[in-house]
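J.: So here's structure.cif, just mmCIF, C-alpha atoms:
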data_input
loop_
_atom_site.label_atom_id
_atom_site.label_comp_id
_atom_site.auth_asym_id
_atom_site.auth_seq_id
_atom_site.Cartn_x
_atom_site.Cartn_y
_atom_site.Cartn_z
CA MET A 1 -37.04 -25.70 -23.58
CA SER A 2 -37.85 -26.96 -20.16
CA THR A 3 -41.48 -26.73 -19.16
CA LYS A 4 -40.73 -27.18 -15.49
CA THR A 5 -42.79 -24.88 -13.33
CA GLN A 6 -40.56 -22.49 -11.49
CA ASN A 7 -41.57 -21.28 -8.09
CA ASN A 8 -40.09 -17.85 -7.57
CA HIS A 9 -41.67 -17.24 -4.20
CA ALA A 10 -38.37 -17.89 -2.45
CA TRP A 11 -37.25 -14.48 -3.67
CA TRP A 12 -39.40 -12.98 -0.91
CA LEU A 13 -36.98 -14.52 1.58
CA VAL A 14 -34.25 -12.11 0.49
CA LEU A 15 -36.50 -9.14 1.21
CA PRO A 16 -35.18 -8.60 4.77
CA VAL A 17 -31.62 -8.47 3.43
CA VAL A 18 -32.66 -6.07 0.68
CA LEU A 19 -34.29 -3.80 3.27
CA LEU A 20 -31.25 -4.00 5.52
CA VAL A 21 -28.88 -3.14 2.67
CA ALA A 22 -31.19 -0.32 1.58
CA PHE A 23 -31.09 1.24 5.02
CA ASN A 24 -27.43 0.77 5.84
CA ALA A 25 -25.89 1.20 2.39
CA VAL A 26 -28.10 2.47 -0.41
CA ILE A 27 -29.84 5.35 1.40
CA PRO A 28 -26.63 6.65 3.03
CA LEU A 29 -24.86 6.39 -0.35
CA MET A 30 -27.66 8.34 -2.03
CA THR A 31 -27.35 11.00 0.67
CA VAL A 32 -23.60 11.24 0.07
CA VAL A 33 -24.25 11.72 -3.65
CA ASN A 34 -26.74 14.48 -2.79
CA TYR A 35 -24.27 16.17 -0.46
CA SER A 36 -21.49 16.01 -3.05
CA VAL A 37 -23.17 18.55 -5.32
CA GLN A 38 -24.15 21.00 -2.58
CA GLU A 39 -22.71 23.35 0.02
CA THR A 40 -24.13 23.57 3.53
CA PHE A 41 -23.46 25.70 6.58
CA GLY A 42 -25.59 23.49 8.80
CA ASP A 43 -29.24 23.67 9.82
CA ASN A 44 -30.18 21.46 6.89
CA VAL A 45 -29.89 24.36 4.41
CA PHE A 46 -28.17 23.46 1.16
CA PHE A 47 -26.92 25.40 -1.88
CA PHE A 48 -26.44 23.69 -5.23
CA GLU A 49 -22.81 23.75 -6.41
CA GLY A 50 -22.82 21.33 -9.34
CA VAL A 51 -19.60 19.41 -9.94
CA ARG A 52 -17.38 22.01 -8.28
CA TRP A 53 -16.36 19.82 -5.30
CA PHE A 54 -15.36 16.98 -7.61
CA GLN A 55 -13.22 19.37 -9.61
CA ASP A 56 -11.63 20.75 -6.46
CA ILE A 57 -10.88 17.30 -5.05
CA LEU A 58 -9.43 16.02 -8.34
CA ALA A 59 -7.08 19.00 -8.45
CA SER A 60 -6.28 18.97 -4.74
CA GLU A 61 -2.69 18.19 -3.80
CA ARG A 62 -3.87 17.18 -0.35
CA PHE A 63 -6.07 14.46 -1.89
CA HIS A 64 -3.27 13.27 -4.20
CA ASP A 65 -0.89 12.98 -1.25
CA ALA A 66 -3.38 11.09 0.92
CA LEU A 67 -4.21 8.78 -2.00
CA GLY A 68 -0.51 8.12 -2.63
CA ARG A 69 0.09 7.31 1.03
CA GLN A 70 -2.96 5.06 1.01
CA PHE A 71 -1.79 3.03 -1.99
CA LEU A 72 1.73 2.77 -0.55
CA PHE A 73 0.41 1.58 2.81
CA THR A 74 -1.91 -0.99 1.23
CA ALA A 75 0.82 -2.27 -1.10
CA ILE A 76 3.28 -2.68 1.77
CA ILE A 77 0.91 -4.48 4.11
CA LEU A 78 -0.33 -6.80 1.32
CA ALA A 79 3.27 -7.59 0.35
CA ILE A 80 4.01 -8.55 3.95
CA GLU A 81 0.76 -10.07 5.22
CA ILE A 82 -0.11 -12.39 2.33
CA PRO A 83 3.23 -14.27 2.10
CA LEU A 84 3.63 -14.25 5.88
CA GLY A 85 0.09 -15.58 6.38
CA VAL A 86 0.73 -18.38 3.88
CA ILE A 87 4.03 -19.29 5.56
CA ILE A 88 2.37 -19.38 8.98
CA ALA A 89 -0.47 -21.52 7.61
CA LEU A 90 2.06 -23.95 6.11
CA CYS A 91 3.81 -24.22 9.49
CA MET A 92 0.62 -24.82 11.47
CA PRO A 93 -0.05 -28.44 12.55
CA ARG A 94 -2.79 -30.41 10.77
CA LYS A 95 -3.63 -32.86 13.55
CA GLY A 96 -3.49 -33.15 17.33
CA VAL A 97 -4.06 -30.88 20.29
CA TRP A 98 -1.81 -28.15 18.92
CA VAL A 99 -4.33 -27.39 16.19
CA SER A 100 -6.77 -25.83 18.67
CA VAL A 101 -3.98 -24.03 20.52
CA CYS A 102 -2.68 -22.53 17.27
CA LEU A 103 -6.15 -21.56 16.07
CA VAL A 104 -7.00 -19.81 19.35
CA LEU A 105 -3.66 -18.01 19.45
CA MET A 106 -4.02 -16.92 15.83
CA SER A 107 -7.55 -15.65 16.44
CA LEU A 108 -6.66 -13.50 19.45
CA PRO A 109 -5.46 -10.38 17.58
CA LEU A 110 -8.59 -10.50 15.43
CA LEU A 111 -10.80 -10.31 18.49
CA ILE A 112 -9.32 -7.05 19.77
CA PRO A 113 -11.24 -3.91 18.79
CA TRP A 114 -9.47 -1.49 16.46
CA ASN A 115 -9.23 1.37 18.92
CA VAL A 116 -7.79 -0.93 21.59
CA VAL A 117 -5.15 -2.14 19.11
CA GLY A 118 -4.26 1.49 18.40
CA ALA A 119 -4.07 2.34 22.11
CA MET A 120 -2.00 -0.78 22.85
CA TRP A 121 0.52 0.01 20.17
CA ASN A 122 0.55 3.65 21.13
CA ILE A 123 1.81 2.75 24.60
CA PHE A 124 3.86 -0.25 23.44
CA ALA A 125 5.86 1.91 21.03
CA LEU A 126 6.36 5.01 23.18
CA PRO A 127 10.09 5.77 23.11
CA ASP A 128 10.42 6.56 26.81
CA ILE A 129 8.17 4.01 28.57
CA GLY A 130 6.90 1.56 25.89
CA LEU A 131 8.42 -1.89 25.70
CA LEU A 132 9.08 -1.71 21.96
CA GLY A 133 10.20 1.92 21.89
CA LYS A 134 12.50 1.64 24.86
CA THR A 135 14.01 -1.64 23.62
CA LEU A 136 14.72 -0.20 20.17
CA ASN A 137 16.33 2.87 21.70
CA ALA A 138 18.38 0.71 24.07
CA LEU A 139 19.60 -1.26 21.05
CA GLY A 140 20.93 1.95 19.57
CA PHE A 141 18.15 2.85 17.12
CA ASP A 142 17.00 6.44 17.30
CA TYR A 143 13.33 5.48 17.37
CA ASN A 144 10.52 7.94 18.06
CA TYR A 145 7.26 7.42 16.18
CA THR A 146 5.79 10.69 17.44
CA ARG A 147 8.56 12.68 15.75
CA GLU A 148 10.02 10.68 12.84
CA PRO A 149 7.80 9.92 9.79
CA MET A 150 9.71 6.70 8.99
CA ASP A 151 9.30 5.45 12.54
CA ALA A 152 5.59 6.30 12.44
CA TRP A 153 5.20 4.32 9.19
CA PHE A 154 7.16 1.40 10.62
CA THR A 155 4.89 1.35 13.69
CA VAL A 156 1.64 1.63 11.74
CA ILE A 157 2.70 -1.19 9.40
CA ALA A 158 3.94 -3.39 12.27
CA MET A 159 0.62 -2.83 14.03
CA ASP A 160 -1.42 -3.76 10.97
CA VAL A 161 0.70 -6.84 10.31
CA TRP A 162 0.28 -7.90 13.93
CA HIS A 163 -3.46 -7.33 13.82
CA TRP A 164 -4.37 -8.85 10.47
CA THR A 165 -1.82 -11.46 9.37
CA SER A 166 -3.82 -13.98 11.42
CA LEU A 167 -6.78 -13.51 9.15
CA VAL A 168 -4.71 -14.41 6.08
CA ALA A 169 -3.13 -17.32 7.95
CA LEU A 170 -6.50 -18.71 9.07
CA LEU A 171 -7.98 -18.41 5.58
CA ALA A 172 -4.91 -20.01 4.00
CA TYR A 173 -5.03 -22.75 6.66
CA ALA A 174 -8.68 -23.43 5.80
CA GLY A 175 -7.65 -23.74 2.14
CA LEU A 176 -4.77 -26.08 3.00
CA THR A 177 -6.78 -28.42 5.22
CA SER A 178 -9.35 -28.90 2.47
CA ILE A 179 -6.78 -30.55 0.17
CA PRO A 180 -7.35 -34.34 0.11
CA ASP A 181 -4.42 -36.50 1.24
CA ALA A 182 -4.41 -38.28 -2.12
CA TYR A 183 -2.72 -35.28 -3.74
CA PHE A 184 0.16 -35.40 -1.29
CA GLN A 185 0.47 -39.18 -1.64
CA ALA A 186 0.66 -38.81 -5.41
CA ALA A 187 3.28 -36.10 -5.02
CA ARG A 188 5.34 -38.33 -2.70
CA ILE A 189 5.19 -41.23 -5.15
CA ASP A 190 6.38 -38.92 -7.92
CA GLY A 191 9.20 -37.73 -5.66
CA ALA A 192 8.06 -34.10 -5.81
CA SER A 193 10.08 -31.56 -3.87
CA ALA A 194 8.51 -29.45 -1.13
CA TRP A 195 8.58 -26.47 -3.50
CA SER A 196 6.76 -28.42 -6.23
CA VAL A 197 4.12 -29.56 -3.75
CA PHE A 198 3.60 -25.95 -2.75
CA ARG A 199 3.68 -24.58 -6.28
CA TYR A 200 1.48 -27.17 -8.01
CA ILE A 201 -0.80 -28.46 -5.24
CA GLN A 202 -1.08 -26.16 -2.27
CA LEU A 203 -0.96 -22.78 -3.98
CA PRO A 204 -3.57 -23.59 -6.69
CA LYS A 205 -5.84 -25.09 -4.03
CA MET A 206 -5.51 -21.96 -1.93
CA LYS A 207 -6.27 -19.66 -4.84
CA ARG A 208 -9.86 -18.96 -3.90
CA VAL A 209 -9.26 -18.31 -0.23
CA LEU A 210 -6.20 -16.20 -1.03
CA THR A 211 -8.30 -14.16 -3.45
CA ILE A 212 -10.76 -13.53 -0.65
CA ALA A 213 -7.91 -12.77 1.76
CA ILE A 214 -6.32 -10.26 -0.62
CA LEU A 215 -9.66 -8.61 -1.38
CA LEU A 216 -10.56 -8.35 2.30
CA ARG A 217 -7.15 -7.01 3.25
CA PHE A 218 -7.13 -4.60 0.31
CA MET A 219 -10.52 -3.16 1.18
CA ASP A 220 -9.92 -3.10 4.92
CA SER A 221 -6.48 -1.51 4.66
CA PHE A 222 -7.71 0.97 2.07
CA MET A 223 -10.38 2.07 4.52
CA ILE A 224 -8.16 1.96 7.62
CA TYR A 225 -9.01 4.68 10.10
CA THR A 226 -9.16 3.84 13.79
CA GLU A 227 -5.76 2.23 14.37
CA PRO A 228 -3.54 4.93 12.80
CA PHE A 229 -5.86 7.60 14.18
CA VAL A 230 -5.36 6.36 17.74
CA LEU A 231 -1.67 5.58 17.21
CA THR A 232 -0.38 8.65 15.40
CA GLY A 233 -3.42 10.85 14.77
CA GLY A 234 -2.22 11.11 11.16
CA GLY A 235 1.14 12.56 12.14
CA PRO A 236 3.88 13.54 12.49
CA GLY A 237 2.69 16.34 10.23
CA ASN A 238 0.49 14.62 7.68
CA THR A 239 2.79 11.67 7.05
CA THR A 240 0.37 8.97 8.19
CA THR A 241 -2.82 10.77 7.17
CA PHE A 242 -4.51 8.13 5.06
CA LEU A 243 -7.60 8.75 2.98
CA SER A 244 -10.18 8.03 5.64
CA ILE A 245 -8.37 10.14 8.25
CA ASP A 246 -8.23 12.98 5.75
CA LEU A 247 -11.89 12.44 4.93
CA VAL A 248 -12.95 12.64 8.58
CA LYS A 249 -10.80 15.75 9.09
CA MET A 250 -12.55 17.34 6.13
CA ALA A 251 -16.09 16.23 7.00
CA LEU A 252 -16.13 16.56 10.78
CA GLY A 253 -13.11 18.74 11.57
CA GLN A 254 -13.76 21.40 8.96
CA PHE A 255 -17.45 20.58 8.40
CA ASP A 256 -16.87 20.69 4.63
CA LEU A 257 -19.60 18.16 3.91
CA GLY A 258 -19.76 18.82 0.16
CA PRO A 259 -16.06 18.30 -0.62
CA ALA A 260 -15.94 15.38 1.83
CA ALA A 261 -18.88 13.73 0.06
CA ALA A 262 -17.22 14.23 -3.34
CA MET A 263 -14.03 12.73 -1.94
CA SER A 264 -15.97 9.75 -0.51
CA ILE A 265 -17.47 9.02 -3.91
CA ILE A 266 -14.09 9.10 -5.65
CA TYR A 267 -12.68 6.95 -2.83
CA PHE A 268 -15.59 4.49 -3.21
CA LEU A 269 -15.14 4.30 -6.99
CA ILE A 270 -11.43 3.53 -6.61
CA ILE A 271 -12.16 0.68 -4.18
CA LEU A 272 -14.89 -0.63 -6.46
CA LEU A 273 -12.62 -0.54 -9.53
CA VAL A 274 -9.60 -2.16 -7.90
CA SER A 275 -11.72 -4.87 -6.27
CA TRP A 276 -13.54 -5.63 -9.52
CA VAL A 277 -10.34 -5.74 -11.59
CA PHE A 278 -8.63 -7.95 -9.05
CA TYR A 279 -11.59 -10.30 -8.71
CA THR A 280 -12.07 -10.54 -12.49
CA VAL A 281 -8.41 -11.15 -13.23
CA THR A 282 -8.10 -13.80 -10.52
CA MET A 283 -11.30 -15.63 -11.41
CA ARG A 284 -10.77 -15.35 -15.16
CA ASN A 285 -9.37 -18.83 -15.66
CA GLU A 286 -11.56 -20.56 -13.11
CA ASP A 287 -13.73 -23.37 -14.37
CA MET B 288 -41.26 15.75 3.26
CA ASP B 289 -39.51 15.98 6.63
CA LEU B 290 -38.92 12.28 6.37
CA ILE B 291 -36.46 12.71 3.50
CA SER B 292 -35.40 16.33 3.89
CA TRP B 293 -32.22 15.21 5.71
CA MET B 294 -31.18 13.43 2.50
CA ALA B 295 -30.81 16.85 0.84
CA TRP B 296 -32.26 15.80 -2.52
CA THR B 297 -31.68 17.91 -5.61
CA PRO B 298 -33.53 17.50 -8.94
CA GLN B 299 -30.22 16.61 -10.61
CA THR B 300 -29.31 13.81 -8.22
CA ALA B 301 -32.90 12.55 -8.23
CA LEU B 302 -32.70 12.32 -12.03
CA PHE B 303 -29.40 10.49 -11.74
CA PHE B 304 -30.88 7.83 -9.45
CA LEU B 305 -33.99 7.58 -11.59
CA PHE B 306 -31.69 6.88 -14.53
CA ILE B 307 -29.99 4.08 -12.60
CA LEU B 308 -33.40 2.68 -11.63
CA ALA B 309 -34.52 2.92 -15.26
CA CYS B 310 -31.39 0.99 -16.32
CA LEU B 311 -32.19 -1.79 -13.85
CA LEU B 312 -35.84 -1.92 -14.89
CA THR B 313 -34.92 -1.95 -18.58
CA MET B 314 -32.54 -4.82 -17.94
CA SER B 315 -35.29 -6.75 -16.12
CA VAL B 316 -37.81 -6.15 -18.91
CA TRP B 317 -35.24 -7.05 -21.55
CA GLU B 318 -34.36 -10.28 -19.74
CA PHE B 319 -38.06 -11.11 -19.28
CA PHE B 320 -38.95 -10.73 -22.95
CA SER B 321 -35.71 -11.90 -24.45
CA PRO B 322 -33.78 -14.13 -22.04
CA GLY B 323 -30.09 -14.10 -22.84
CA GLY B 324 -28.44 -13.34 -19.58
CA ALA B 325 -26.10 -16.35 -19.66
CA PRO B 326 -22.40 -15.42 -19.67
CA ARG B 327 -20.62 -15.07 -23.01
CA ARG B 328 -16.96 -14.52 -23.77
CA GLY B 329 -16.15 -11.11 -25.20
CA VAL B 330 -13.12 -9.39 -26.69
CA LEU B 331 -11.42 -8.99 -23.32
CA GLY B 332 -11.63 -12.73 -22.71
CA LEU B 333 -14.04 -12.16 -19.83
CA ASP B 334 -17.20 -14.16 -19.30
CA THR B 335 -19.83 -11.50 -18.77
CA THR B 336 -23.57 -11.53 -18.31
CA ARG B 337 -25.78 -8.60 -19.28
CA GLY B 338 -25.73 -7.44 -15.67
CA ASP B 339 -21.90 -7.52 -15.67
CA ARG B 340 -21.87 -5.43 -18.83
CA LEU B 341 -24.17 -2.87 -17.22
CA PHE B 342 -21.85 -2.74 -14.21
CA ILE B 343 -18.78 -2.30 -16.43
CA SER B 344 -20.58 0.42 -18.40
CA LEU B 345 -21.64 2.35 -15.28
CA LEU B 346 -18.30 2.04 -13.50
CA GLY B 347 -16.40 2.99 -16.65
CA SER B 348 -18.74 5.94 -17.22
CA ALA B 349 -18.05 7.20 -13.71
CA PHE B 350 -14.32 7.22 -14.45
CA ILE B 351 -14.86 8.79 -17.88
CA HIS B 352 -16.76 11.62 -16.15
CA LEU B 353 -14.05 12.04 -13.52
CA ALA B 354 -11.32 12.08 -16.18
CA TRP B 355 -13.27 14.60 -18.25
CA LEU B 356 -13.76 16.79 -15.18
CA GLY B 357 -10.07 16.64 -14.29
CA LEU B 358 -8.66 17.03 -17.80
CA VAL B 359 -11.22 19.00 -19.82
CA GLY B 360 -13.55 20.96 -17.54
CA PRO B 361 -16.91 21.15 -15.81
CA ASP B 362 -19.04 20.97 -19.00
CA LEU B 363 -19.79 17.26 -18.90
CA ARG B 364 -21.88 16.89 -22.09
CA GLY B 365 -18.84 15.49 -23.91
CA ALA B 366 -18.33 12.95 -21.13
CA VAL B 367 -21.96 11.83 -21.43
CA GLY B 368 -21.42 11.25 -25.16
CA VAL B 369 -18.18 9.33 -24.65
CA SER B 370 -19.85 7.25 -21.92
CA ALA B 371 -22.79 6.39 -24.15
CA VAL B 372 -20.45 5.20 -26.91
CA TYR B 373 -18.39 3.31 -24.35
CA ALA B 374 -21.51 1.61 -22.92
CA LEU B 375 -22.67 0.66 -26.40
CA LEU B 376 -19.27 -0.89 -27.19
CA VAL B 377 -19.29 -2.75 -23.87
CA PHE B 378 -22.75 -4.19 -24.55
CA LEU B 379 -21.79 -5.19 -28.11
CA PHE B 380 -18.29 -6.58 -27.67
CA VAL B 381 -17.28 -7.22 -24.05
#
Give the structure from the file, written as C-alpha cells.

T.:
Amino acid sequence: MSTKTQNNHAWWLVLPVVLLVAFNAVIPLMTVVNYSVQETFGDNVFFFEGVRWFQDILASERFHDALGRQFLFTAIILAIEIPLGVIIALCMPRKGVWVSVCLVLMSLPLLIPWNVVGAMWNIFALPDIGLLGKTLNALGFDYNYTREPMDAWFTVIAMDVWHWTSLVALLAYAGLTSIPDAYFQAARIDGASAWSVFRYIQLPKMKRVLTIAILLRFMDSFMIYTEPFVLTGGGPGNTTTFLSIDLVKMALGQFDLGPAAAMSIIYFLIILLVSWVFYTVTMRNED
Amino acid sequence: MDLISWMAWTPQTALFFLFILACLLTMSVWEFFSPGGAPRRGVLGLDTTRGDRLFISLLGSAFIHLAWLGLVGPDLRGAVGVSAVYALLVFLFV
C-alpha cells in the first residue's frame, strides 16, 4: 500500500462544470421525467397519469414509423459518410500549401448554421428554379422533392452528406497524420500493397478517431431536426418526419407535453444504449 | 416553492431520483470503505468498474421496465423484481 498523501482539492476545480451540467442537462432532464408521468393543459397545473404516456408511445404506430425512418436515415448516412470521409482523408495532401487550402475548404460546410444549410438546399433543389432540381429535370429525371418521398429522402441524405462528411474527413485526416513515417517505410521495405498499408497500418491507427466520428455522426443524425425541418418540413406527408420533428410536433404543435416527455425519455434511452454498445464493442480490445 | 414549481415534481418522480442519488451515495460509501473500483473482466469479456456495472444495471432496468410495459402491462412490480435480479447478476458476474 502506498502511503503517499493524496491531495483531493483539485476536485473543486470541476465544480463549475458540474454546476453547468446540472443546469443545462440534469435539471431539464429531471423536469422531462416529471412531465412524462403527468398531463397538463397549461398554467402550470398538472394531473398525475402514471405510466400511461409510456404505454401509449410504446404502442403508437406513429412512434414506430418515426423510429424506423430515423434508424434508416442514420444507417444510410453512416454508410455513406464514414467511407467517403476516409477516402477523402486518404486523398488529402500531407505537406505543402495545399494542406491549408484543403483544410479550409473541408471546414466550410461545418461552419454554416443548420437552418442556413436547410434553406440553401431548399432553394438549390427546387424543381423549377433551383440549380440541382432544374438540372436533374433537364437531364430527364422526374425530380420533385416537395412531392415525391424518394426525392425528398435523396435530398435530405445528400444535404447531410454535404454538411457532415467533412467532419469525418477531418477526424480521419487527424488520425492519418499522427502515424509516424517509420510505419510506412517499414511497409515499403516489405513491399506491402496500398491495400495492406491501409488495412494493417492506417485503419488500425484511425480506429479511435473513427469511433469518435461514428459516435458523433450517430448521435447528431439521430437527433437531426433543423435541416430536414427547413428543407421538407417532414413531408411529403410524413415521409421525412424523423423522431425529433415528430417530437416537436407533439410537444409544441399539439401541446401534448406528457406524451412528448415520455417519447423523449425513450428516445434518450435508445441513444444512450446504442452509443454505449458501440463504444464498448469498439474499445473492447483496446490496450 | 415557486422556484421549483415549474419542474412539476411528483412524489413518485422525487422518490425515483432519490433512489438514483442513494445508489450513487452507496457506491461512494462502498468505495470509501472497501476500495475495489478497478476494472475486472466479467462473463461478457468486458472490463468493468463498479460504476460501469451500476450504469449497465440502471440502463438495463430502464429497458426491462419499457419491455414489461409494452408486453405485459402497467403493473410494474414484476419489472422491479426482474430488474433487481438483473442488477444483482450484473454486479456479481459482469

J.: Return as number ranges by chain the set of residues that the PyMOL selection byres ((chain A) within 12 of (chain B)) yields on the displayed structure.

T.: A: 26-40, 42-60, 257-258, 262-263, 265-277, 279-287

J.: Could you spell out the hits of the PyMOL selection byres ((chain B and resi 329) around 12) on the shown file, as a list in words?

T.: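 Applied to this file, the PyMOL selection byres ((chain B and resi 329) around 12) returns Pro326, Arg327, Arg328, Val330, Leu331, Gly332, Leu333, Asp334, Thr335, Thr336, Arg337, Asp339, Arg340, Leu376, Val377, Phe378, Leu379, Phe380 and Val381 of chain B.
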
J.: Atom CA of Gln202 of chain A and atom CA of Leu90 of chain A, how far apart in Å?

T.: 9.2 Å

J.: I'd like the interatomic distance between atom CA of Gly118 of chain A and atom CA of Phe278 of chain A, to a tenth of an Å.

T.: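 Going from atom CA of Gly118 of chain A over to atom CA of Phe278 of chain A, I get 29.4 Å.
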
J.: Quick one: axis-aligned box around all listed atoms of segment 10-23 of chain A, 8 Å on every side, centre and edge lengths in Å to one decimal, written as JSON.

T.:
{"center_x": -34.1, "center_y": -8.3, "center_z": 0.9, "size_x": 26.5, "size_y": 35.1, "size_z": 25.2}

J.: For Tyr225 of chain A, work out the shell of residues within 12 Å, counting all atoms listed in the file and skipping chain neighbours fewer than 5 positions away, then give it as a list in words.

T.: Gln70, Trp114, Asn115, Val117, Gly118, Val156, Asp160, Met219, Asp220, Val230, Leu231, Thr232, Gly233, Gly234, Thr240, Thr241, Phe242, Leu243, Ser244, Ile245, Asp246, Leu247, Val248 and Lys249 of chain A

J.: Go ahead and compute the interatomic distance for atom CA of Met206 of chain A and atom CA of Leu176 of chain A, in Å to one decimal.

T.: 6.5 Å

J.: Run the PyMOL selection byres ((chain A and resi 75-88) around 7) on the file and write out the hits as a PyMOL selection string.

T.: chain A and resi 71-74+89-92+157+161+165-166+168-169+172

J.: Find the residues near segment 153-155 of chain A: any atom within 8 Å, counting only C-alpha atoms, skip ones fewer than 6 places away on the same chain, and give them as a compact mmCIF listing (two decimals) with C-alpha atoms, in the coordinates of the input.

T.:
# COMPACT_ATOMS: atom_id res chain seq x y z
CA TRP A 121 0.52 0.01 20.17
CA ALA A 125 5.86 1.91 21.03
CA TYR A 145 7.26 7.42 16.18
CA THR A 240 0.37 8.97 8.19

J.: Given all atoms listed in the file as the basis, pick out the residue of A:Val97, A:Pro259, A:Pro228, A:Thr135 nearest to Ala158 of chain A.

T.: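 Of the candidates, the smallest distance to Ala158 of chain A is held by A:Pro228.
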
J.: Excluding same-chain residues fewer than 6 positions from segment 308-311 of chain B, what lies within 10 Å of it counting all atoms listed in the file, as number ranges by chain?

T.: B: 302, 317, 338, 341, 345

J.: Could N, CA and C atoms be built for segment 177-191 of chain A and written out as a short mmCIF file (atom, residue, chain, number, x, y, z; two decimals), in the frame of the given file?

T.:
data_model
loop_
_atom_site.label_atom_id
_atom_site.label_comp_id
_atom_site.auth_asym_id
_atom_site.auth_seq_id
_atom_site.Cartn_x
_atom_site.Cartn_y
_atom_site.Cartn_z
N THR A 177 -6.21 -27.21 4.61
CA THR A 177 -6.78 -28.42 5.22
C THR A 177 -7.84 -29.06 4.34
N SER A 178 -8.33 -28.30 3.33
CA SER A 178 -9.35 -28.90 2.47
C SER A 178 -8.75 -29.72 1.33
N ILE A 179 -7.40 -29.76 1.25
CA ILE A 179 -6.78 -30.55 0.17
C ILE A 179 -6.77 -32.03 0.57
N PRO A 180 -7.34 -32.91 -0.24
CA PRO A 180 -7.35 -34.34 0.11
C PRO A 180 -5.93 -34.91 0.17
N ASP A 181 -5.74 -35.89 1.06
CA ASP A 181 -4.42 -36.50 1.24
C ASP A 181 -3.89 -37.14 -0.03
N ALA A 182 -4.82 -37.57 -0.90
CA ALA A 182 -4.41 -38.28 -2.12
C ALA A 182 -3.44 -37.45 -2.95
N TYR A 183 -3.62 -36.15 -2.97
CA TYR A 183 -2.72 -35.28 -3.74
C TYR A 183 -1.29 -35.38 -3.22
N PHE A 184 -1.18 -35.36 -1.88
CA PHE A 184 0.16 -35.40 -1.29
C PHE A 184 0.80 -36.77 -1.48
N GLN A 185 -0.05 -37.83 -1.41
CA GLN A 185 0.47 -39.18 -1.64
C GLN A 185 1.01 -39.30 -3.06
N ALA A 186 0.23 -38.76 -4.00
CA ALA A 186 0.66 -38.81 -5.41
C ALA A 186 1.97 -38.05 -5.58
N ALA A 187 2.07 -36.91 -4.91
CA ALA A 187 3.28 -36.10 -5.02
C ALA A 187 4.47 -36.87 -4.45
N ARG A 188 4.24 -37.57 -3.32
CA ARG A 188 5.34 -38.33 -2.70
C ARG A 188 5.80 -39.44 -3.62
N ILE A 189 4.84 -40.12 -4.25
CA ILE A 189 5.19 -41.23 -5.15
C ILE A 189 6.02 -40.70 -6.32
N ASP A 190 5.64 -39.52 -6.80
CA ASP A 190 6.38 -38.92 -7.92
C ASP A 190 7.70 -38.30 -7.48
N GLY A 191 7.96 -38.30 -6.17
CA GLY A 191 9.20 -37.73 -5.66
C GLY A 191 9.25 -36.22 -5.81
#
